[in-house]
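A.B. asks: First the structure, which I've put down as structure tokens, then a few questions once you've had a look.
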Amino acid sequence: MPPIADRARPWLLVLLVTVAVVALDQVTKHAIEDSMVPGEEHKLLPGIQLVNTRNRGVAFGFLPGSHLAVTILIGIALLFLLVYFARHASQRLIWLPTGMLLGGAAGNIIDRLRADSVTDFIKLPLGWPPFNLADASITLGILVLVLLIERSRRPEP
């Protein structure tokens with residue numbers, strides 16, 4: 001059995017990523033709220049605008065107005081994630097998507113508790129719904145998690 005420090009390392013890394021994601025997410029949301037009125041838009045880069053919008057659903061506006069359903073869905077997903085992580089904590093890099101997913105979820109939960117909705121501020125072209133850094137962290141965290149799970153299932157050469 002590995003020493004306690006070796007077993008604790010992945011959990012510490014998850015905690016660090018989670019805190020970093022929450023901090024960056026909250027700082028950017030507060031910067032938008034403090035500098036733009038709701039509904040205002042500013043061009044950031046070609047094809048990317050900053051907006052100040054409120055979202056009452058989950059990522060990208062899915063399930064709007066379903067606060068109880070959203071809370072239950074998020075809780076179940078996070079429980080499964082933590083169980084998976086606890087069973088696979090020694091897997092290489094598994095701490096990264098776990099921290100990204102926990103941090104993204106926590107960032108949006110903080111908004112829900114604070115304002116009963118989530119601040120979204122990044123708007124892409126072609127009708128893509130506005131999103132925030134927590135949403136981006138969740139999306140990228142899912143992608144990285146799937147890639148790591150898929151890689152772990154392949155036999156090593």
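Ordering of the structure tokens sets the chain letters (A, B, ...); residue numbers start at 1 within each chain; ligands are numbered from 1 in the order shown.
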Dump as JSON lines the rows for residues of range 80-150 of chain A within 12 Å of range 35-39 of chain A: closest atom pair and distance in Å with one decimal, only C-alpha atoms counted, ordered by chain and rising residue number.

C.D. replies:
```
{"residue": "A:Thr119", "atom": "CA", "partner": "A:Pro38", "partner_atom": "CA", "distance": 9.6}
{"residue": "A:Asp120", "atom": "CA", "partner": "A:Pro38", "partner_atom": "CA", "distance": 10.3}
{"residue": "A:Phe121", "atom": "CA", "partner": "A:Gly39", "partner_atom": "CA", "distance": 9.8}
{"residue": "A:Lys123", "atom": "CA", "partner": "A:Gly39", "partner_atom": "CA", "distance": 11.7}
{"residue": "A:Pro130", "atom": "CA", "partner": "A:Gly39", "partner_atom": "CA", "distance": 11.3}
```

A.B. asks: Using DSSP assignments from the backbone, pull out every residue in range 111-143 of chain A that falls under alpha helix (DSSP H) and give it to me as a PDB file with C-alpha atoms, in the first residue's frame.

C.D. replies:
```pdb
ATOM      1  CA  ASP A 111     -23.975  32.013  -8.334  1.00  0.00           C
ATOM      2  CA  ARG A 112     -27.262  30.161  -7.793  1.00  0.00           C
ATOM      3  CA  LEU A 113     -27.000  30.635  -4.043  1.00  0.00           C
ATOM      4  CA  ARG A 114     -25.979  34.289  -4.398  1.00  0.00           C
ATOM      5  CA  ALA A 115     -28.317  35.428  -7.169  1.00  0.00           C
ATOM      6  CA  LEU A 133     -15.678  29.915 -17.373  1.00  0.00           C
ATOM      7  CA  ALA A 134     -17.400  27.407 -15.061  1.00  0.00           C
ATOM      8  CA  ASP A 135     -19.353  26.051 -18.047  1.00  0.00           C
ATOM      9  CA  ALA A 136     -16.143  25.902 -20.106  1.00  0.00           C
ATOM     10  CA  SER A 137     -14.364  24.079 -17.280  1.00  0.00           C
ATOM     11  CA  ILE A 138     -17.209  21.556 -17.013  1.00  0.00           C
ATOM     12  CA  THR A 139     -17.243  20.983 -20.781  1.00  0.00           C
ATOM     13  CA  LEU A 140     -13.474  20.581 -21.031  1.00  0.00           C
ATOM     14  CA  GLY A 141     -13.441  18.478 -17.850  1.00  0.00           C
ATOM     15  CA  ILE A 142     -15.945  16.036 -19.374  1.00  0.00           C
ATOM     16  CA  LEU A 143     -13.893  15.836 -22.573  1.00  0.00           C
TER      17      LEU A 143
END
```

A.B. asks: If you count only C-alpha atoms, which residues fall within 8 Å of range 87-96 of chain A, apart from same-chain ones fewer than 5 positions away, as an MDAnalysis selection string?

C.D. replies: chainID A and resid 7 10:11 13:14 17 141 145 148

A.B. asks: DSSP on the backbone: what in range 18-146 of chain A comes out strand (DSSP E), as an mmCIF file with N, CA, C and O atoms, in the first residue's frame?

C.D. replies:
```cif
data_model
loop_
_atom_site.group_PDB
_atom_site.id
_atom_site.type_symbol
_atom_site.label_atom_id
_atom_site.label_comp_id
_atom_site.auth_asym_id
_atom_site.auth_seq_id
_atom_site.Cartn_x
_atom_site.Cartn_y
_atom_site.Cartn_z
ATOM 1 N N GLU A 41 -23.507 44.255 -24.660
ATOM 2 C CA GLU A 41 -22.571 43.408 -25.400
ATOM 3 C C GLU A 41 -21.380 44.242 -25.862
ATOM 4 O O GLU A 41 -21.530 45.396 -26.220
ATOM 5 N N HIS A 42 -20.187 43.629 -25.826
ATOM 6 C CA HIS A 42 -18.957 44.250 -26.316
ATOM 7 C C HIS A 42 -18.186 43.230 -27.138
ATOM 8 O O HIS A 42 -18.045 42.079 -26.721
ATOM 9 N N LYS A 43 -17.653 43.672 -28.281
ATOM 10 C CA LYS A 43 -16.827 42.795 -29.107
ATOM 11 C C LYS A 43 -15.486 42.591 -28.391
ATOM 12 O O LYS A 43 -14.837 43.552 -27.994
ATOM 13 N N LEU A 44 -15.093 41.331 -28.218
ATOM 14 C CA LEU A 44 -13.812 41.012 -27.577
ATOM 15 C C LEU A 44 -12.771 40.660 -28.638
ATOM 16 O O LEU A 44 -11.716 41.253 -28.708
ATOM 17 N N LEU A 45 -13.088 39.683 -29.449
ATOM 18 C CA LEU A 45 -12.252 39.220 -30.552
ATOM 19 C C LEU A 45 -13.178 38.957 -31.728
ATOM 20 O O LEU A 45 -14.389 38.865 -31.539
ATOM 21 N N ILE A 48 -16.194 36.706 -31.105
ATOM 22 C CA ILE A 48 -16.413 36.500 -29.668
ATOM 23 C C ILE A 48 -16.834 37.823 -29.045
ATOM 24 O O ILE A 48 -16.166 38.840 -29.208
ATOM 25 N N GLN A 49 -17.959 37.781 -28.345
ATOM 26 C CA GLN A 49 -18.446 38.975 -27.661
ATOM 27 C C GLN A 49 -18.542 38.714 -26.159
ATOM 28 O O GLN A 49 -18.772 37.583 -25.727
ATOM 29 N N LEU A 50 -18.390 39.772 -25.389
ATOM 30 C CA LEU A 50 -18.684 39.729 -23.964
ATOM 31 C C LEU A 50 -20.096 40.246 -23.785
ATOM 32 O O LEU A 50 -20.481 41.258 -24.377
ATOM 33 N N VAL A 51 -20.888 39.541 -23.001
ATOM 34 C CA VAL A 51 -22.262 39.939 -22.713
ATOM 35 C C VAL A 51 -22.491 39.788 -21.216
ATOM 36 O O VAL A 51 -21.718 39.133 -20.522
ATOM 37 N N ASN A 52 -23.529 40.388 -20.726
ATOM 38 C CA ASN A 52 -23.914 40.214 -19.326
ATOM 39 C C ASN A 52 -25.323 39.639 -19.325
ATOM 40 O O ASN A 52 -26.288 40.362 -19.520
ATOM 41 N N THR A 53 -25.416 38.329 -19.176
ATOM 42 C CA THR A 53 -26.720 37.662 -19.166
ATOM 43 C C THR A 53 -26.843 36.776 -17.931
ATOM 44 O O THR A 53 -25.849 36.409 -17.310
ATOM 45 N N ARG A 54 -28.078 36.435 -17.620
ATOM 46 C CA ARG A 54 -28.366 35.548 -16.484
ATOM 47 C C ARG A 54 -28.969 34.264 -17.030
ATOM 48 O O ARG A 54 -29.797 34.278 -17.920
ATOM 49 N N ASN A 55 -28.556 33.149 -16.450
ATOM 50 C CA ASN A 55 -29.004 31.825 -16.865
ATOM 51 C C ASN A 55 -29.606 31.112 -15.659
ATOM 52 O O ASN A 55 -28.951 30.968 -14.638
ATOM 53 N N VAL A 118 -27.172 32.156 -12.838
ATOM 54 C CA VAL A 118 -25.742 32.126 -13.134
ATOM 55 C C VAL A 118 -25.418 33.224 -14.138
ATOM 56 O O VAL A 118 -26.150 33.423 -15.106
ATOM 57 N N THR A 119 -24.324 33.930 -13.919
ATOM 58 C CA THR A 119 -23.862 34.952 -14.854
ATOM 59 C C THR A 119 -23.133 34.276 -16.006
ATOM 60 O O THR A 119 -22.174 33.537 -15.797
ATOM 61 N N ASP A 120 -23.604 34.517 -17.224
ATOM 62 C CA ASP A 120 -22.936 34.057 -18.434
ATOM 63 C C ASP A 120 -22.435 35.284 -19.167
ATOM 64 O O ASP A 120 -23.092 36.323 -19.187
ATOM 65 N N PHE A 121 -21.246 35.167 -19.813
ATOM 66 C CA PHE A 121 -20.688 36.373 -20.427
ATOM 67 C C PHE A 121 -19.879 36.149 -21.694
ATOM 68 O O PHE A 121 -19.415 37.106 -22.296
ATOM 69 N N ILE A 122 -19.698 34.932 -22.121
ATOM 70 C CA ILE A 122 -18.951 34.672 -23.354
ATOM 71 C C ILE A 122 -19.958 34.258 -24.423
ATOM 72 O O ILE A 122 -20.701 33.299 -24.240
ATOM 73 N N LYS A 123 -19.982 34.998 -25.521
ATOM 74 C CA LYS A 123 -20.937 34.718 -26.596
ATOM 75 C C LYS A 123 -20.178 34.437 -27.877
ATOM 76 O O LYS A 123 -19.396 35.263 -28.347
#
```

A.B. asks: Which distance in Å separates CA of Tyr84 in chain A and CA of Ala105 in chain A, to one decimal?

C.D. replies: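 Going from CA of Tyr84 in chain A over to CA of Ala105 in chain A, I get 16.5 Å.
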
A.B. asks: Give me the residues near Leu12 in chain A as a PDB file with N, CA and C atoms, in the first residue's frame, where near means some atom within 12 Å (using only C-alpha atoms) and where sequence neighbours in that chain fewer than 6 positions away do not count.

C.D. replies:
```pdb
ATOM      1  N   ILE A   4       0.672   7.349   2.896  1.00  0.00           N
ATOM      2  CA  ILE A   4      -0.480   8.265   2.963  1.00  0.00           C
ATOM      3  C   ILE A   4      -0.260   9.486   2.070  1.00  0.00           C
ATOM      4  N   ALA A   5       0.960  10.025   2.052  1.00  0.00           N
ATOM      5  CA  ALA A   5       1.234  11.207   1.223  1.00  0.00           C
ATOM      6  C   ALA A   5       0.975  10.920  -0.252  1.00  0.00           C
ATOM      7  N   ASP A   6       1.334   9.713  -0.720  1.00  0.00           N
ATOM      8  CA  ASP A   6       1.095   9.353  -2.117  1.00  0.00           C
ATOM      9  C   ASP A   6      -0.400   9.224  -2.409  1.00  0.00           C
ATOM     10  N   THR A  18      -9.806  22.682  -8.258  1.00  0.00           N
ATOM     11  CA  THR A  18     -11.158  23.148  -7.915  1.00  0.00           C
ATOM     12  C   THR A  18     -11.118  24.601  -7.449  1.00  0.00           C
ATOM     13  N   VAL A  19     -10.219  24.906  -6.524  1.00  0.00           N
ATOM     14  CA  VAL A  19     -10.114  26.271  -5.988  1.00  0.00           C
ATOM     15  C   VAL A  19      -9.719  27.254  -7.093  1.00  0.00           C
ATOM     16  N   ALA A  89      -8.148   7.120  -8.274  1.00  0.00           N
ATOM     17  CA  ALA A  89      -7.302   8.267  -7.938  1.00  0.00           C
ATOM     18  C   ALA A  89      -5.850   8.087  -8.371  1.00  0.00           C
ATOM     19  N   TRP A  95      -6.984  13.513 -11.711  1.00  0.00           N
ATOM     20  CA  TRP A  95      -7.258  14.629 -10.821  1.00  0.00           C
ATOM     21  C   TRP A  95      -7.643  15.903 -11.599  1.00  0.00           C
ATOM     22  N   LEU A  96      -7.113  16.058 -12.818  1.00  0.00           N
ATOM     23  CA  LEU A  96      -7.359  17.289 -13.578  1.00  0.00           C
ATOM     24  C   LEU A  96      -8.830  17.452 -13.973  1.00  0.00           C
ATOM     25  N   THR A  98     -11.354  15.927 -12.774  1.00  0.00           N
ATOM     26  CA  THR A  98     -12.169  15.911 -11.550  1.00  0.00           C
ATOM     27  C   THR A  98     -12.204  17.301 -10.931  1.00  0.00           C
ATOM     28  N   GLY A  99     -11.059  17.947 -10.818  1.00  0.00           N
ATOM     29  CA  GLY A  99     -11.004  19.308 -10.284  1.00  0.00           C
ATOM     30  C   GLY A  99     -11.724  20.307 -11.168  1.00  0.00           C
TER      31      GLY A  99
END
```

A.B. asks: One decimal, Å: what's the distance from CA of Ile72 in chain A over to CA of Ile110 in chain A, could you say?

C.D. replies: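 Those two atoms sit 15.5 Å apart.
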